[in-house]
Every structure is written in C-alpha cells, then in structure tokens.
>>> print(open('protein-v5.txt').read())   # compact mmCIF, C-alpha atoms and all ligand atoms
# COMPACT_ATOMS: atom_id res chain seq x y z
CA MET P 1 3.67 -28.39 -3.13
CA LYS P 2 0.86 -28.80 -0.60
CA PRO P 3 -2.64 -27.95 -1.93
CA TYR P 4 -3.48 -24.84 0.16
CA ALA P 5 -1.97 -21.56 1.35
CA ILE P 6 -3.17 -18.75 3.60
CA GLY P 7 -2.73 -14.99 3.36
CA VAL P 8 -3.20 -12.75 6.41
CA ASP P 9 -3.28 -8.96 6.10
CA ILE P 10 -3.07 -7.42 9.59
CA GLY P 11 -4.31 -3.84 9.74
CA GLY P 12 -4.87 -1.44 12.62
CA THR P 13 -8.64 -2.02 12.69
CA SER P 14 -9.20 -5.37 11.00
CA ILE P 15 -7.36 -8.54 10.02
CA LYS P 16 -8.16 -9.96 6.58
CA PHE P 17 -7.68 -13.63 5.78
CA GLY P 18 -7.66 -15.47 2.47
CA LEU P 19 -7.68 -19.24 1.97
CA PHE P 20 -6.15 -20.06 -1.42
CA THR P 21 -5.33 -23.12 -3.46
CA SER P 22 -1.64 -23.40 -4.26
CA GLN P 23 -2.61 -22.53 -7.85
CA GLY P 24 -3.53 -19.07 -6.56
CA GLU P 25 -7.31 -19.40 -6.57
CA LEU P 26 -9.03 -17.55 -3.71
CA LEU P 27 -11.41 -20.08 -2.07
CA GLU P 28 -12.65 -17.97 0.78
CA LYS P 29 -11.92 -14.69 2.49
CA TRP P 30 -13.00 -13.47 5.91
CA SER P 31 -11.99 -10.87 8.46
CA MET P 32 -12.02 -10.07 12.15
CA ASP P 33 -11.37 -7.03 14.35
CA THR P 34 -7.81 -6.31 15.42
CA ARG P 35 -7.42 -6.33 19.20
CA THR P 36 -4.66 -3.78 19.67
CA GLU P 37 -5.02 -3.44 23.47
CA THR P 38 -2.28 -4.57 25.89
CA GLY P 39 0.51 -4.04 23.42
CA GLY P 40 -1.19 -6.03 20.67
CA MET P 41 -0.46 -9.29 22.50
CA HIS P 42 -3.74 -10.94 21.39
CA ILE P 43 -3.21 -10.39 17.68
CA LEU P 44 -1.11 -13.41 16.72
CA PRO P 45 -2.98 -15.86 18.99
CA ASP P 46 -6.24 -14.54 17.42
CA VAL P 47 -4.77 -15.08 13.95
CA SER P 48 -3.72 -18.65 14.67
CA LYS P 49 -7.08 -19.54 16.26
CA ALA P 50 -8.97 -18.08 13.29
CA ILE P 51 -6.84 -20.11 10.89
CA LEU P 52 -7.37 -23.36 12.82
CA ARG P 53 -11.12 -22.72 12.99
CA LYS P 54 -11.33 -22.15 9.25
CA LEU P 55 -9.26 -25.22 8.41
CA GLU P 56 -11.47 -27.36 10.63
CA GLU P 57 -14.60 -25.93 9.04
CA GLN P 58 -13.22 -26.69 5.55
CA LYS P 59 -11.96 -30.13 6.66
CA ILE P 60 -8.39 -29.20 5.73
CA LEU P 61 -5.49 -30.49 7.84
CA PRO P 62 -2.73 -28.04 8.85
CA ALA P 63 -0.30 -30.43 7.17
CA GLN P 64 -2.05 -29.72 3.84
CA VAL P 65 -1.15 -26.02 4.05
CA GLU P 66 2.00 -24.96 2.20
CA GLY P 67 2.48 -21.85 4.30
CA ILE P 68 1.15 -18.62 5.76
CA GLY P 69 2.09 -15.20 4.42
CA ILE P 70 1.52 -12.23 6.72
CA GLY P 71 1.45 -8.51 5.97
CA VAL P 72 1.85 -5.97 8.79
CA PRO P 73 1.65 -2.15 8.83
CA GLY P 74 5.26 -1.46 9.80
CA PRO P 75 8.84 -2.18 8.82
CA VAL P 76 9.73 -5.87 8.31
CA ASP P 77 13.10 -7.18 7.16
CA ALA P 78 13.78 -10.01 4.73
CA GLN P 79 14.05 -12.51 7.65
CA SER P 80 10.45 -11.75 8.74
CA ASN P 81 11.59 -9.74 11.77
CA VAL P 82 9.09 -7.05 12.65
CA PHE P 83 10.73 -3.91 14.04
CA PHE P 84 7.66 -2.16 15.47
CA CYS P 85 4.05 -1.49 14.44
CA VAL P 86 2.62 1.58 16.11
CA ASN P 87 -0.89 0.81 14.79
CA LEU P 88 -0.86 -2.67 16.32
CA GLY P 89 0.70 -1.73 19.64
CA TRP P 90 3.89 -3.71 18.88
CA LYS P 91 6.86 -1.77 20.18
CA GLU P 92 9.81 -4.14 20.02
CA LYS P 93 11.66 -6.06 17.35
CA PHE P 94 10.69 -9.74 17.21
CA SER P 95 10.64 -12.69 14.82
CA LEU P 96 7.10 -13.01 13.53
CA LYS P 97 7.97 -16.35 11.97
CA GLN P 98 9.18 -17.75 15.30
CA ARG P 99 6.11 -16.51 17.17
CA MET P 100 3.77 -18.06 14.59
CA ASN P 101 5.75 -21.32 14.61
CA GLU P 102 5.14 -21.57 18.37
CA LEU P 103 1.42 -20.98 17.85
CA LEU P 104 0.98 -23.17 14.74
CA PRO P 105 3.79 -25.75 14.76
CA ASP P 106 2.09 -27.82 12.03
CA ILE P 107 2.45 -25.02 9.44
CA PRO P 108 6.18 -24.22 9.67
CA LYS P 109 6.47 -22.03 6.57
CA VAL P 110 5.67 -18.46 7.63
CA LEU P 111 6.81 -15.33 5.81
CA ALA P 112 6.08 -11.75 6.77
CA ALA P 113 6.46 -8.44 4.96
CA ASN P 114 5.32 -4.85 5.19
CA ASP P 115 1.72 -4.47 3.98
CA ALA P 116 2.56 -1.93 1.26
CA ASN P 117 5.02 -4.45 -0.16
CA THR P 118 2.55 -7.35 0.01
CA ALA P 119 -0.07 -5.18 -1.73
CA ALA P 120 2.45 -4.43 -4.49
CA LEU P 121 3.20 -8.13 -4.89
CA GLY P 122 -0.52 -8.96 -4.98
CA GLU P 123 -1.24 -6.32 -7.64
CA LEU P 124 1.70 -7.52 -9.70
CA TRP P 125 0.51 -11.12 -9.50
CA LYS P 126 -3.25 -10.80 -10.05
CA GLY P 127 -4.09 -7.10 -10.32
CA GLY P 128 -3.06 -3.93 -12.12
CA GLY P 129 0.48 -5.16 -12.81
CA GLN P 130 -0.38 -8.60 -14.15
CA GLY P 131 2.10 -9.79 -16.76
CA TYR P 132 5.00 -7.71 -15.42
CA LYS P 133 7.90 -8.81 -13.20
CA SER P 134 8.80 -5.65 -11.31
CA THR P 135 6.80 -2.78 -9.96
CA VAL P 136 6.79 0.12 -7.59
CA MET P 137 3.34 0.70 -6.18
CA LEU P 138 2.18 3.91 -4.54
CA THR P 139 -0.80 3.83 -2.20
CA LEU P 140 -2.49 7.21 -1.90
CA GLY P 141 -4.57 7.23 1.26
CA THR P 142 -4.29 8.84 4.68
CA GLY P 143 -0.56 8.81 3.93
CA VAL P 144 1.43 7.82 0.86
CA GLY P 145 2.70 4.25 1.06
CA GLY P 146 5.06 2.49 -1.29
CA GLY P 147 5.85 -1.10 -2.16
CA VAL P 148 8.74 -2.42 -4.22
CA VAL P 149 8.85 -5.76 -6.06
CA MET P 150 11.84 -6.56 -8.28
CA SER P 151 12.06 -9.74 -10.40
CA GLY P 152 9.03 -11.08 -8.53
CA ALA P 153 10.50 -10.62 -5.03
CA ILE P 154 9.69 -8.02 -2.39
CA VAL P 155 12.52 -5.60 -1.67
CA ALA P 156 12.44 -5.01 2.09
CA GLY P 157 15.69 -3.07 2.52
CA ALA P 158 18.25 -3.29 5.31
CA HIS P 159 15.95 -1.64 7.87
CA GLY P 160 12.60 -2.62 6.40
CA GLY P 161 12.37 0.89 5.01
CA ALA P 162 12.48 0.25 1.25
CA GLY P 163 9.45 1.77 -0.45
CA GLU P 164 9.01 4.76 1.88
CA ILE P 165 8.21 6.82 -1.19
CA GLY P 166 5.86 9.10 0.73
CA HIS P 167 8.88 10.57 2.48
CA ILE P 168 10.94 11.40 -0.58
CA THR P 169 11.62 15.16 -0.46
CA VAL P 170 9.93 16.73 -3.48
CA ASN P 171 9.88 20.37 -2.36
CA HIS P 172 12.95 21.95 -0.78
CA ARG P 173 11.11 25.21 -0.13
CA GLU P 174 8.41 23.73 2.14
CA THR P 175 8.18 25.24 5.63
CA ALA P 176 5.44 22.97 7.07
CA VAL P 177 6.63 19.82 8.86
CA CYS P 178 5.66 16.30 7.71
CA SER P 179 4.49 13.59 10.15
CA CYS P 180 8.02 12.12 9.92
CA GLY P 181 9.65 15.38 11.01
CA LYS P 182 11.11 16.35 7.62
CA ARG P 183 9.87 19.13 5.35
CA GLY P 184 8.64 18.83 1.77
CA CYS P 185 7.82 15.09 1.70
CA LEU P 186 5.60 13.74 -1.10
CA GLU P 187 2.99 12.80 1.51
CA GLN P 188 2.48 16.50 2.24
CA TYR P 189 1.02 16.98 -1.27
CA ALA P 190 -0.30 13.64 -2.45
CA SER P 191 -2.07 12.04 0.52
CA ALA P 192 -5.79 12.68 1.04
CA ARG P 193 -4.90 15.31 3.64
CA GLY P 194 -1.92 16.60 1.64
CA ILE P 195 -3.90 17.43 -1.47
CA VAL P 196 -6.44 19.40 0.59
CA ARG P 197 -3.62 21.40 2.14
CA LEU P 198 -2.11 21.97 -1.32
CA ALA P 199 -5.52 23.09 -2.60
CA LYS P 200 -5.96 25.62 0.19
CA GLU P 201 -2.53 27.08 -0.54
CA MET P 202 -3.24 27.32 -4.27
CA LEU P 203 -6.67 28.86 -3.67
CA SER P 204 -5.26 31.60 -1.45
CA ALA P 205 -2.53 32.39 -3.99
CA SER P 206 -4.96 32.64 -6.90
CA GLU P 207 -7.99 34.71 -7.89
CA LYS P 208 -9.44 31.98 -10.06
CA PRO P 209 -13.07 31.06 -9.33
CA SER P 210 -13.67 27.69 -7.72
CA ALA P 211 -16.59 25.96 -6.05
CA LEU P 212 -14.09 24.93 -3.36
CA ARG P 213 -14.09 28.52 -2.10
CA GLU P 214 -17.80 28.18 -1.24
CA MET P 215 -17.30 25.01 0.81
CA GLU P 216 -16.62 25.24 4.52
CA THR P 217 -14.51 22.09 4.34
CA PHE P 218 -13.69 19.91 1.36
CA SER P 219 -12.02 16.57 0.72
CA ALA P 220 -9.72 15.05 -1.88
CA LYS P 221 -12.83 13.54 -3.45
CA ASP P 222 -14.46 16.99 -3.84
CA ILE P 223 -11.38 18.23 -5.70
CA CYS P 224 -11.37 15.20 -8.02
CA ASP P 225 -15.14 15.45 -8.63
CA LEU P 226 -14.89 19.14 -9.57
CA ALA P 227 -11.92 18.49 -11.84
CA ARG P 228 -13.88 15.76 -13.57
CA ASP P 229 -16.80 18.17 -14.03
CA GLY P 230 -14.41 20.49 -15.85
CA GLU P 231 -13.53 23.06 -13.21
CA GLU P 232 -10.22 24.67 -14.18
CA MET P 233 -8.96 25.45 -10.66
CA ALA P 234 -9.62 21.92 -9.35
CA HIS P 235 -7.87 20.51 -12.42
CA GLU P 236 -4.84 22.71 -11.77
CA ILE P 237 -4.66 21.36 -8.21
CA LEU P 238 -4.66 17.79 -9.52
CA LEU P 239 -1.98 18.63 -12.09
CA ARG P 240 0.22 20.09 -9.36
CA CYS P 241 -0.33 17.02 -7.17
CA GLY P 242 0.52 14.87 -10.22
CA ARG P 243 3.77 16.78 -10.72
CA PHE P 244 4.84 16.10 -7.13
CA LEU P 245 4.00 12.42 -7.56
CA GLY P 246 5.70 12.32 -10.95
CA ARG P 247 8.84 13.90 -9.56
CA ALA P 248 9.11 11.28 -6.77
CA MET P 249 8.39 8.48 -9.27
CA SER P 250 11.11 9.76 -11.58
CA PHE P 251 13.64 9.53 -8.69
CA VAL P 252 12.48 5.98 -8.03
CA ALA P 253 12.78 5.08 -11.72
CA CYS P 254 16.34 6.38 -11.83
CA ALA P 255 17.26 3.90 -9.10
CA LEU P 256 15.03 0.91 -9.92
CA ASP P 257 13.53 1.35 -13.42
CA PRO P 258 10.47 -0.89 -12.74
CA ASP P 259 8.35 -2.43 -15.54
CA VAL P 260 5.24 -0.65 -14.29
CA PHE P 261 4.06 1.83 -11.66
CA ILE P 262 0.81 0.93 -9.92
CA ILE P 263 -1.29 3.57 -8.17
CA GLY P 264 -3.61 2.36 -5.41
CA GLY P 265 -5.37 3.61 -2.29
CA GLY P 266 -8.60 5.50 -1.78
CA MET P 267 -7.53 8.55 -3.78
CA SER P 268 -6.77 6.55 -6.90
CA ARG P 269 -10.49 5.78 -7.12
CA ALA P 270 -10.81 9.32 -8.48
CA GLY P 271 -10.11 7.59 -11.78
CA ASP P 272 -8.65 8.75 -15.06
CA ILE P 273 -8.38 12.44 -14.29
CA LEU P 274 -5.90 11.86 -11.45
CA MET P 275 -4.12 9.05 -13.33
CA GLU P 276 -3.62 11.37 -16.33
CA ALA P 277 -2.20 14.08 -14.04
CA ILE P 278 0.25 11.55 -12.59
CA ARG P 279 1.32 10.29 -16.05
CA LEU P 280 1.90 13.86 -17.22
CA GLY P 281 3.89 14.65 -14.07
CA TYR P 282 5.98 11.53 -14.46
CA ARG P 283 6.81 12.18 -18.11
CA LYS P 284 7.86 15.72 -17.24
CA TYR P 285 10.64 14.54 -14.91
CA ALA P 286 11.48 11.00 -16.05
CA PHE P 287 14.87 10.08 -17.45
CA GLN P 288 14.81 9.52 -21.22
CA ASP P 289 15.03 5.73 -21.14
CA SER P 290 12.25 5.20 -18.63
CA LYS P 291 9.83 7.90 -19.87
CA ASP P 292 7.36 5.39 -21.27
CA THR P 293 7.00 3.23 -18.15
CA PRO P 294 3.26 2.48 -17.86
CA VAL P 295 1.36 3.86 -14.86
CA THR P 296 -1.69 1.71 -14.08
CA SER P 297 -4.40 1.68 -11.42
CA ALA P 298 -4.65 -0.96 -8.73
CA ARG P 299 -7.39 -3.53 -9.35
CA LEU P 300 -7.57 -5.74 -6.27
CA TRP P 301 -8.12 -2.91 -3.78
CA ASN P 302 -8.55 -4.31 -0.27
CA ASP P 303 -7.71 -7.83 -1.41
CA ALA P 304 -4.25 -6.95 -2.78
CA GLY P 305 -2.70 -7.71 0.62
CA ILE P 306 -4.00 -11.26 1.00
CA TYR P 307 -3.02 -12.07 -2.61
CA GLY P 308 0.49 -10.74 -2.05
CA CYS P 309 0.83 -12.56 1.28
CA VAL P 310 -0.06 -15.86 -0.35
CA LYS P 311 2.23 -15.22 -3.31
CA MET P 312 5.15 -14.93 -0.86
CA VAL P 313 4.75 -18.52 0.30
CA LEU P 314 3.94 -20.11 -3.08
ZN ZN U 401 7.83 12.77 5.68
>>> encode(input="protein-v5.txt", output="structure tokens")
Amino acid sequence: MKPYAIGVDIGGTSIKFGLFTSQGELLEKWSMDTRTETGGMHILPDVSKAILRKLEEQKILPAQVEGIGIGVPGPVDAQSNVFFCVNLGWKEKFSLKQRMNELLPDIPKVLAANDANTAALGELWKGGGQGYKSTVMLTLGTGVGGGVVMSGAIVAGAHGGAGEIGHITVNHRETAVCSCGKRGCLEQYASARGIVRLAKEMLSASEKPSALREMETFSAKDICDLARDGEEMAHEILLRCGRFLGRAMSFVACALDPDVFIIGGGMSRAGDILMEAIRLGYRKYAFQDSKDTPVTSARLWNDAGIYGCVKMVL
C-alpha cells in the first residue's frame, strides 16, 4: 500500500480535508468554504486544487497517495454514483469517481459515500464504536441522519437510501407533515427542531410546572439543561423523545442486529441524560435477543467524516 491517503468531507457550508498515513494516523486537517453557486460546479475542481496544494506543501507526490475517500450530503450508491445533493447544488446523477479521475488522474482510487455513512464508518474505526465490526449510527441534528456499516463495509442500498432512519414512521397518529412529505417520521420528534415541537405539545397537554413555560422560545439544549438540573417535565420530554428513538432503533435491530448503536450530532452533546433516555426507550421495544446492544456516544464529532472517508480507501 502507498504511504498516504486523503479524506474529504463535503458539506453544504464547508469542505473538510484530512491527510492520513495509510496506518490511519491523521497528519493534518484543514477546511475551505463550499462554493455552491452555479450548480455546485466549482466544488470538485476546488477539492482537487486544494489536495494538490497540500501535497506540494508536504512534498508528497500524488503517486504516493493510496486513494481519496469522499463523503457527500446526499444519496450515493456502491459504485460512487451521486444521485443529487440539494445542499451542494448538484441536481443530476453522475459518477463522482470519474469526475475526480479527470481532475486528478495521478490518484486513480476514488470512493464516495453518503456523509452519514462515512461518519458511521469513522466512528466505528476510531471513535465511539472502536472494537466493533458493525454499527448503525444516528446523527441527531437539524434532521436525524443514519449511517449503516456491516462487517466493516458501508451499506449504501440500491438507491443510496440505506440508513434513512430519520424517516422511519414511529407514530401512526401524527397529523403534522414531515419535510419528506410523510407523517410521523422519527425526525419529527428527535431532531433539534422535532424535540422542541414535541415539548410544546407535551406542555400544552399537561399542567405540570416547567421553566420552559416562562421562555418565549427555547431550544433542544434548554430542554436537556433543565432535565439535567432535575426538572421533571423536561425529563419527561426527553424520555418521550428517547422512546421514539428507541422504537426506530428496535426496528433497525430486527433487520440488521448491529454490534453497537452510536449516537452523534449536536443534540447528543446533551450527554448522559439523553443517552439514558435512548437506552431505556430502546430496551422497551427491542427484540429479546438484541436487547443488550450497547448504545454509545460519538467521539470524533466533526472529524468522523474524514476518518470514515479515509477508511474506505485503506
Ligand atoms: Zn420524513
């Protein structure tokens, strides 16, 4: 194997790069803004220029690079075809590998995957899932993302849609519509926005005192902070959110039975109180044989993507 590898995590606002040794040691990371204008046509040329600049600076030849792994915020199939990426301005299906090969012919090995999947692979390799072979990772942020890694390999699915755990229906009685057009998706209760909506509903259906009632607006963090300070109402909201998450995870376990669940994303920084609510929720619904599957927190945070991208090519 060649001595170096590069991970590139392309997001809607910034592109993160990691230069690694082929033993998996991160030598240097850097980032740049994502230029999404004119259909995102500058993104891949920007990526290849940034890579060439860094290699020159480090006195590394392109021929010494084993490969480039790339994560993108949209569906990608197992052949590194990107279907579309709304956040990047990409609207048509194309081969990301082929495009990168035209830009960087001296580094022929290029693999691409959805960023939730690369984050799951990164966490499994060097983060919260270290020591395990398979995981399903949930990222609780603006939405609820999911990544699936089985026997060390990313599961992309036939349409790049494997891991869309945020859109598992967990509540058949919901009347509000999810961003995807369905009703009752996990994302409607367990994303940063979803938990606030859930909290408002629970507050109006209950007489219980809560500091949330005094706030004009509140965030997921406010709910978690109050629950940690011992407020009963805030804790009940987290438990309910944990039950929705646990229900979706139990469905996933019935199909995949991973070694470990990893919880990442901004909301998981709320710490133990949310993690405990998720574990309780999961145990409530899990099938007998997979009841004891560990549920851990992500550890690499924003770096999970570049680690996972590099792991794909090593
Ligand atoms: Zn949905």
>>> residues_around(input="protein-v5.txt", residues="stretch 43-55 of chain P", least_positions_apart="4", cutoff="7 Å", atoms="only C-alpha atoms", output="list in words")
Thr34, Arg35, Lys59, Ile60, Leu61, Leu103 and Leu104 of chain P
>>> write_last_selection(input="protein-v5.txt", atoms="C-alpha atoms", output="PDB file, in the coordinates of the input")
ATOM      1  CA  THR P  34      -7.810  -6.310  15.420  1.00  0.00           C
ATOM      2  CA  ARG P  35      -7.420  -6.330  19.200  1.00  0.00           C
ATOM      3  CA  LYS P  59     -11.960 -30.130   6.660  1.00  0.00           C
ATOM      4  CA  ILE P  60      -8.390 -29.200   5.730  1.00  0.00           C
ATOM      5  CA  LEU P  61      -5.490 -30.490   7.840  1.00  0.00           C
ATOM      6  CA  LEU P 103       1.420 -20.980  17.850  1.00  0.00           C
ATOM      7  CA  LEU P 104       0.980 -23.170  14.740  1.00  0.00           C
TER       8      LEU P 104
END
>>> residues_near_point(input="protein-v5.txt", point="(5.5, -4.4, 3.4)", cutoff="10 Å", atoms="all atoms listed in the file", output="ChimeraX atom specification")
/P:70-77,112-121,145-148,154-156,160-164,305,308-309
>>> residues_around(input="protein-v5.txt", residues="stretch 20-29 of chain P", least_positions_apart="6", cutoff="12 Å", atoms="all atoms listed in the file", output="PyMOL selection string")
chain P and resi 1-9+50-51+54-55+57-58+60+64-69+122+125-126+302-314
>>> residues_near_ligand(input="protein-v5.txt", ligand="ligand ZN 401 (chain U)", cutoff="12 Å", atoms="only C-alpha atoms and all ligand atoms", output="NGL selection string")
:P and (143-145 or 164-171 or 174 or 176-191 or 194)
>>> closest_residue(input="protein-v5.txt", among="P:Glu232, P:Asp257, P:Asp289, P:Asp225", to="P:Asp272", atoms="only C-alpha atoms")
P:Asp225
>>> residues_near_point(input="protein-v5.txt", point="(12.0, 6.1, -18.8)", cutoff="10 Å", atoms="all atoms listed in the file", output="number ranges by chain")
P: 250, 253-254, 257-259, 282-283, 285-294
>>> atom_distance(input="protein-v5.txt", atom1="atom CA of P:Ser151", atom2="atom CA of P:Leu256")
11.1 Å
>>> closest_residue(input="protein-v5.txt", among="P:Ala248, P:Ile10, P:Ile223, P:Ile273", to="P:Leu138", atoms="only C-alpha atoms")
P:Ala248
>>> atom_distance(input="protein-v5.txt", atom1="atom CA of P:Leu203", atom2="atom CA of P:Gly271")
23.0 Å
>>> atom_distance(input="protein-v5.txt", atom1="atom CA of P:Ala211", atom2="atom CA of P:Arg243")
22.8 Å
>>> closest_residue(input="protein-v5.txt", among="P:Pro105, P:Pro62, P:His159, P:Met32", to="P:Ser80", atoms="all atoms listed in the file")
P:His159
>>> build_atoms(input="protein-v5.txt", residues="stretch 42-69 of chain P", atoms="N, CA and C atoms", output="PDB file, keeping the file's coordinate frame")
ATOM      1  N   HIS P  42      -2.728  -9.950  21.800  1.00  0.00           N
ATOM      2  CA  HIS P  42      -3.740 -10.940  21.390  1.00  0.00           C
ATOM      3  C   HIS P  42      -3.727 -11.211  19.894  1.00  0.00           C
ATOM      4  N   ILE P  43      -3.047 -10.341  19.137  1.00  0.00           N
ATOM      5  CA  ILE P  43      -3.210 -10.390  17.680  1.00  0.00           C
ATOM      6  C   ILE P  43      -2.789 -11.721  17.076  1.00  0.00           C
ATOM      7  N   LEU P  44      -1.578 -12.163  17.350  1.00  0.00           N
ATOM      8  CA  LEU P  44      -1.110 -13.410  16.720  1.00  0.00           C
ATOM      9  C   LEU P  44      -1.851 -14.649  17.233  1.00  0.00           C
ATOM     10  N   PRO P  45      -2.132 -14.745  18.560  1.00  0.00           N
ATOM     11  CA  PRO P  45      -2.980 -15.860  18.990  1.00  0.00           C
ATOM     12  C   PRO P  45      -4.358 -15.844  18.306  1.00  0.00           C
ATOM     13  N   ASP P  46      -4.952 -14.642  18.129  1.00  0.00           N
ATOM     14  CA  ASP P  46      -6.240 -14.540  17.420  1.00  0.00           C
ATOM     15  C   ASP P  46      -6.102 -15.052  15.992  1.00  0.00           C
ATOM     16  N   VAL P  47      -5.001 -14.667  15.336  1.00  0.00           N
ATOM     17  CA  VAL P  47      -4.770 -15.080  13.950  1.00  0.00           C
ATOM     18  C   VAL P  47      -4.675 -16.599  13.874  1.00  0.00           C
ATOM     19  N   SER P  48      -3.908 -17.202  14.772  1.00  0.00           N
ATOM     20  CA  SER P  48      -3.720 -18.650  14.670  1.00  0.00           C
ATOM     21  C   SER P  48      -5.019 -19.395  14.987  1.00  0.00           C
ATOM     22  N   LYS P  49      -5.785 -18.883  15.950  1.00  0.00           N
ATOM     23  CA  LYS P  49      -7.080 -19.540  16.260  1.00  0.00           C
ATOM     24  C   LYS P  49      -8.030 -19.440  15.075  1.00  0.00           C
ATOM     25  N   ALA P  50      -8.061 -18.264  14.445  1.00  0.00           N
ATOM     26  CA  ALA P  50      -8.970 -18.080  13.290  1.00  0.00           C
ATOM     27  C   ALA P  50      -8.588 -19.019  12.154  1.00  0.00           C
ATOM     28  N   ILE P  51      -7.297 -19.213  11.958  1.00  0.00           N
ATOM     29  CA  ILE P  51      -6.840 -20.110  10.890  1.00  0.00           C
ATOM     30  C   ILE P  51      -7.245 -21.557  11.209  1.00  0.00           C
ATOM     31  N   LEU P  52      -7.012 -21.975  12.442  1.00  0.00           N
ATOM     32  CA  LEU P  52      -7.370 -23.360  12.820  1.00  0.00           C
ATOM     33  C   LEU P  52      -8.866 -23.604  12.699  1.00  0.00           C
ATOM     34  N   ARG P  53      -9.657 -22.594  13.102  1.00  0.00           N
ATOM     35  CA  ARG P  53     -11.120 -22.720  12.990  1.00  0.00           C
ATOM     36  C   ARG P  53     -11.539 -22.912  11.546  1.00  0.00           C
ATOM     37  N   LYS P  54     -10.957 -22.075  10.672  1.00  0.00           N
ATOM     38  CA  LYS P  54     -11.330 -22.150   9.250  1.00  0.00           C
ATOM     39  C   LYS P  54     -10.918 -23.481   8.640  1.00  0.00           C
ATOM     40  N   LEU P  55      -9.725 -23.951   8.983  1.00  0.00           N
ATOM     41  CA  LEU P  55      -9.260 -25.220   8.410  1.00  0.00           C
ATOM     42  C   LEU P  55     -10.177 -26.364   8.856  1.00  0.00           C
ATOM     43  N   GLU P  56     -10.579 -26.318  10.126  1.00  0.00           N
ATOM     44  CA  GLU P  56     -11.470 -27.360  10.630  1.00  0.00           C
ATOM     45  C   GLU P  56     -12.806 -27.329   9.891  1.00  0.00           C
ATOM     46  N   GLU P  57     -13.326 -26.119   9.731  1.00  0.00           N
ATOM     47  CA  GLU P  57     -14.600 -25.930   9.040  1.00  0.00           C
ATOM     48  C   GLU P  57     -14.533 -26.466   7.600  1.00  0.00           C
ATOM     49  N   GLN P  58     -13.390 -26.267   6.957  1.00  0.00           N
ATOM     50  CA  GLN P  58     -13.220 -26.690   5.550  1.00  0.00           C
ATOM     51  C   GLN P  58     -12.678 -28.120   5.449  1.00  0.00           C
ATOM     52  N   LYS P  59     -12.502 -28.755   6.601  1.00  0.00           N
ATOM     53  CA  LYS P  59     -11.960 -30.130   6.660  1.00  0.00           C
ATOM     54  C   LYS P  59     -10.589 -30.228   5.962  1.00  0.00           C
ATOM     55  N   ILE P  60      -9.764 -29.213   6.244  1.00  0.00           N
ATOM     56  CA  ILE P  60      -8.390 -29.200   5.730  1.00  0.00           C
ATOM     57  C   ILE P  60      -7.450 -29.409   6.922  1.00  0.00           C
ATOM     58  N   LEU P  61      -6.458 -30.281   6.763  1.00  0.00           N
ATOM     59  CA  LEU P  61      -5.490 -30.490   7.840  1.00  0.00           C
ATOM     60  C   LEU P  61      -4.382 -29.446   7.752  1.00  0.00           C
ATOM     61  N   PRO P  62      -3.850 -28.981   8.896  1.00  0.00           N
ATOM     62  CA  PRO P  62      -2.730 -28.040   8.850  1.00  0.00           C
ATOM     63  C   PRO P  62      -1.585 -28.553   7.966  1.00  0.00           C
ATOM     64  N   ALA P  63      -1.381 -29.861   7.970  1.00  0.00           N
ATOM     65  CA  ALA P  63      -0.300 -30.430   7.170  1.00  0.00           C
ATOM     66  C   ALA P  63      -0.527 -30.291   5.661  1.00  0.00           C
ATOM     67  N   GLN P  64      -1.769 -29.917   5.266  1.00  0.00           N
ATOM     68  CA  GLN P  64      -2.050 -29.720   3.840  1.00  0.00           C
ATOM     69  C   GLN P  64      -1.811 -28.262   3.411  1.00  0.00           C
ATOM     70  N   VAL P  65      -1.356 -27.446   4.353  1.00  0.00           N
ATOM     71  CA  VAL P  65      -1.150 -26.020   4.050  1.00  0.00           C
ATOM     72  C   VAL P  65       0.334 -25.769   3.783  1.00  0.00           C
ATOM     73  N   GLU P  66       0.613 -25.236   2.603  1.00  0.00           N
ATOM     74  CA  GLU P  66       2.000 -24.960   2.200  1.00  0.00           C
ATOM     75  C   GLU P  66       2.650 -23.918   3.120  1.00  0.00           C
ATOM     76  N   GLY P  67       1.892 -22.878   3.433  1.00  0.00           N
ATOM     77  CA  GLY P  67       2.480 -21.850   4.300  1.00  0.00           C
ATOM     78  C   GLY P  67       1.510 -20.711   4.553  1.00  0.00           C
ATOM     79  N   ILE P  68       1.942 -19.804   5.416  1.00  0.00           N
ATOM     80  CA  ILE P  68       1.150 -18.620   5.760  1.00  0.00           C
ATOM     81  C   ILE P  68       1.993 -17.379   5.458  1.00  0.00           C
ATOM     82  N   GLY P  69       1.430 -16.477   4.680  1.00  0.00           N
ATOM     83  CA  GLY P  69       2.090 -15.200   4.420  1.00  0.00           C
ATOM     84  C   GLY P  69       1.363 -14.120   5.210  1.00  0.00           C
TER      85      GLY P  69
END
